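Scroll down for the structure; my scribbles are underneath it.
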Amino acid sequence: MSELNKQFHEPLLNVLRCVADDKLFLGHRNSDWTGIAPILEADIAFSSLAQDDIAHASAFYELMNTISGEDPDQIAFGRTADAYRCADIVTKSDDFNWANAIARQFYCNLYDYHRLLRLSNCTWAPLATLAKRICAEQTVHVDHVGSWIDHLGNGNDDSKQRLQTALDDYAPYASMLSEKPDGIDTLFEGGILIDEGCLFTQWKEHVDTVLGTAGMKAHIDIPSARGGRTGNHDDDFALSLTELQEVFSTDPLAAW
Amino acid sequence: MLSKARTNVPLATGELQTSEVDAFPVWEVFTQKKEGDAHLHAGSLSAPDASFAQQFAREHYGQDQECVSMWVGLRNTFIAKDGESETYEVFVRWKAGGRHEHVGKVEAGNGAEAKNKCTEQFAREKEFYTIWTAPISKLTKIDGATDMIWRETTDQGYRLPRGYSRIVRQKWDALRAEQAVNAYQEEDLKETF
């Protein structure tokens with residue numbers, strides 16, 4: 001592995017935790033739809049995208065392993081709640097309402113895309129390489145969820161109303177995505193990551209553009225408090241975590 | 001065991017009737033495994049329009065290093081006899097149970113003419129089962145250079161049965177070895193005492 005000064009280990013691990021935990025839990029929640037999505041084709045596609053998110057998370061946990069030496073499965077499944085760094089939108093229950101699932105997916109997929117784009121410019125080559133490859137795949141997620149926004153937003157009164165309600169319900173949670181990870185400033189100052197200006201603004205513009213063509217709106221503010229990114233999670237997260245760890249915790253040392 | 005979340009699945013939501021979903025048109029998908037290969041029929045799916053058909057096709061038949069190019073078109077387009085004067089892609093299924101294979105292009109005034117020209121040019125004196133044709137303007141083509149995204153990043157082996165085989169075999173081997181040792185020890189004990 002190319003050289004990474006020890007002072008950057010923990011800050012970078014923390015940023016990677018945010019990225020990977022977001023994807024792990026989003027994929028986990030989206031896989032709830034396997035077998036019950038509104039139409040068969042959407043079911044297969046959504047499941048495939050969920051697997052993708054989990055696989056992406058796994059790739060990031062493996063990268064973390066090259067820094068910390070910690071077992072990727074342990075990182076993914078073996079932590080206490082306060083050690084996870086995902087934003088709580090990824091675990092916010094969709095109540096098996098498809099519009100909710102699409103709104104959640106939309107905010108998260110677009111955010112992931114812009115975050116990966118920035119990580120692609122990381123000066124630590126292993127992360128830049130991985131981020132570039134995942135970012136290319138992330139465009140598929142962005143396109144796919146964009147189709148749903150387009151169809152529901154330009155659909156009938158029922159679909160418009162359902163989507164707008166879901167977008168409104170998830171907007172406060174969406175802003176949590178851009179809570180700043182601890183240590184990111186150290187990485188900017190150390191030249192590991194490039195500060196390319198406000199990620200929130202860039203993401204919000206993209207959100208507004210896609211929603212604009214679908215006649216939808218989102219009122220998202222810059223987060224005023226910090227939650228998930230500091231390990232402070234809500235009840236929906238706790239439920240997801242218990243479920244996620246259920247099998248692993250039966251035998252934490254088993255080789256899967 | 002089912003996910004706990006599943007215990008809360010509502011029995012039915014919304015007013016969408018099954019018949020509406022069933023009424024979605026059927027789309028045919030062709031994939032090309034590698035440059036130079038013919039596009040082969042990969043399967044079909046139902047979708048309300050071309051945009052969704054393309055999105056679903058990408059998830060179902062592509063992106064897992066399975067193809068370099070994908071064509072999607074309405075089933076009705078392939079079997080139509082009418083149509084406009086333009087270039088048609090033509091596909092032959094050589095025998096029953098086989099898959100339609102792209103054999104070339106023809107200029108034709110409509111679907112029927114395209115099918116006749118396909119027979120003359122590509123299937124003359126050969127046995128074949130069916131011919132499909134599609135005007136190029138009615139096909140969505142997704143090509144490697146532009147839109148096709150490969151999922152190379154992540155090991156997709158877990159999607160396939162063989163993705164499990166090595167580890168599962170190791171586990172079985174270990175289990176059998178352990179049982180063999182136990183059986184041997186049991187026999188050994190019987191003989192000794």
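Lettering and numbering for the structure tokens are positional, with chains as A, B, ... in the shown order, residues counted from 1 in each chain, and ligands counted from 1 in the shown order.
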
Subject >> chain A residues near chain B (9 Å cut-off, only C-alpha atoms) as a PyMOL selection string >> reply: chain A and resi 29+32-33+36+38-42+44-46+48-49+51-52+55-56+58-59+93+95-97+130+133-134+136-137+139-140+143-144+147-148+151+239-240+243+256

Subject >> Distance query region 95-108 of chain B at most 6 Å, only C-alpha atoms, self and fewer than 4 positions along chain excluded, as a list in words >> reply: Ala38, His39, Leu40, His41, Ser85, Glu86, Thr87, Tyr88, Glu89, Val90, Phe91, Glu113, Ala114, Phe128 and Tyr129 of chain B

Original post:
Which residues, written as a list in words, have at least one atom at most 7 Å from region 174-188 of chain A, with only C-alpha atoms counted and residues fewer than 4 positions away on the same chain left out?
Top reply: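 The contact residues come out as Phe8, Pro11, Asn14, Val15, Ala87, Ile89, Tyr107, Tyr170, Ile192, Leu193, Ile194, Asp195, Phe200, Ile220, Asp221, Ile222, Pro223, Arg226 and Arg229 of chain A.
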
Original post:
Quick one: residues within 9 Å of Val207 (chain A), only C-alpha atoms counted, chain neighbours fewer than 5 positions away excluded, as a list in words?
Top reply: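 Everything that qualifies: Phe106, Tyr107, Leu110, Tyr111, Gln202, Gly212, Lys217 and Ala218 of chain A.
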
Original post:
When you draw a straight line from CA of Phe237 (chain A) to CA of Val142 (chain A), how long is it in Å?
Top reply: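 Answer for the CA of Phe237 (chain A) to CA of Val142 (chain A) separation: 24.1 Å.
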
Subject >> Nearby residues (only C-alpha atoms) at most 9 Å from His219 (chain A), same-chain spacing under 3 positions excluded, as a list of chain:residue names >> reply: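 Listed by chain and then number, they are A:Leu167, A:Asp168, A:Ala171, A:Pro172.
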
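Rounded to one decimal, CA of Met70 (chain B) and CA of Thr133 (chain B) lie 15.8 Å from each other.
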
Original post:
What's the 12 Å shell around Arg17 (chain A), counting only C-alpha atoms, without same-chain residues fewer than 3 positions away, as a PyMOL selection string?
Top reply: chain A and resi 10-14+20-25+57-65+72+75-76+79+83-87+181-184+228-231

Just the selected residues (C-alpha atoms), exported as a short mmCIF file (atom, residue, chain, number, x, y, z; two decimals), in the first residue's frame, please.
```
data_model
loop_
_atom_site.label_atom_id
_atom_site.label_comp_id
_atom_site.auth_asym_id
_atom_site.auth_seq_id
_atom_site.Cartn_x
_atom_site.Cartn_y
_atom_site.Cartn_z
CA GLU A 10 -7.72 7.93 12.18
CA PRO A 11 -9.17 10.94 10.28
CA LEU A 12 -9.26 8.96 7.05
CA LEU A 13 -10.72 5.89 8.75
CA ASN A 14 -13.48 8.10 10.10
CA ALA A 20 -19.19 2.76 4.00
CA ASP A 21 -21.76 2.82 6.82
CA ASP A 22 -24.12 4.93 4.67
CA LYS A 23 -23.92 2.35 1.90
CA LEU A 24 -24.12 -0.70 4.15
CA PHE A 25 -27.29 0.42 5.90
CA ALA A 57 -19.53 -0.81 1.52
CA SER A 58 -17.57 -4.03 1.66
CA ALA A 59 -14.91 -2.61 -0.69
CA PHE A 60 -14.51 0.39 1.62
CA TYR A 61 -14.27 -1.81 4.73
CA GLU A 62 -11.53 -3.76 2.98
CA LEU A 63 -9.72 -0.54 2.23
CA MET A 64 -10.01 0.39 5.91
CA ASN A 65 -8.47 -2.97 6.72
CA PRO A 72 -13.64 -6.06 7.46
CA ILE A 75 -15.79 -3.39 11.12
CA ALA A 76 -19.09 -3.96 9.32
CA ARG A 79 -19.28 -2.32 16.44
CA ALA A 83 -19.20 3.65 16.59
CA TYR A 84 -21.27 3.74 13.38
CA ARG A 85 -21.06 6.96 11.37
CA CYS A 86 -23.96 6.72 8.92
CA ALA A 87 -26.46 9.54 8.56
CA PRO A 181 -17.17 13.97 9.47
CA ASP A 182 -14.67 14.46 12.30
CA GLY A 183 -11.14 14.73 11.02
CA ILE A 184 -11.96 15.84 7.49
CA GLY A 228 -25.23 10.17 12.92
CA ARG A 229 -21.79 11.37 11.93
CA THR A 230 -20.87 11.63 15.62
CA GLY A 231 -22.36 8.25 16.50
#
```

Original post:
region 11-43 of chain A: which residues are alpha helix (DSSP H) by DSSP, as a list of chain:residue names?
Top reply: A:Pro11, A:Leu12, A:Leu13, A:Asn14, A:Val15, A:Leu16, A:Arg17, A:Cys18, A:Val19, A:Ala20, A:Asp21, A:Asp22, A:Lys23, A:Leu24, A:Phe25, A:Leu26, A:Gly27, A:His28, A:Arg29, A:Asn30, A:Leu40, A:Glu41, A:Ala42, A:Asp43

**OP:** Rounded to one decimal place, report the CA of Val92 (chain B)-CA of Ile131 (chain B) distance in Å.
**Re:**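 CA of Val92 (chain B) sits 4.6 Å away from CA of Ile131 (chain B).
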
Original post:
Using only C-alpha atoms, which of the listed residues (A:Asn156, A:Trp203, A:Tyr173, A:Thr213) sits closest to Arg115 (chain A)?
Top reply: A:Trp203

Subject >> Members of region 26-185 of chain B assigned strand (DSSP E or B) by DSSP, as a PyMOL selection string >> reply: chain B and resi 26-32+40-46+69-74+86-93+101-108+130-135+140-143
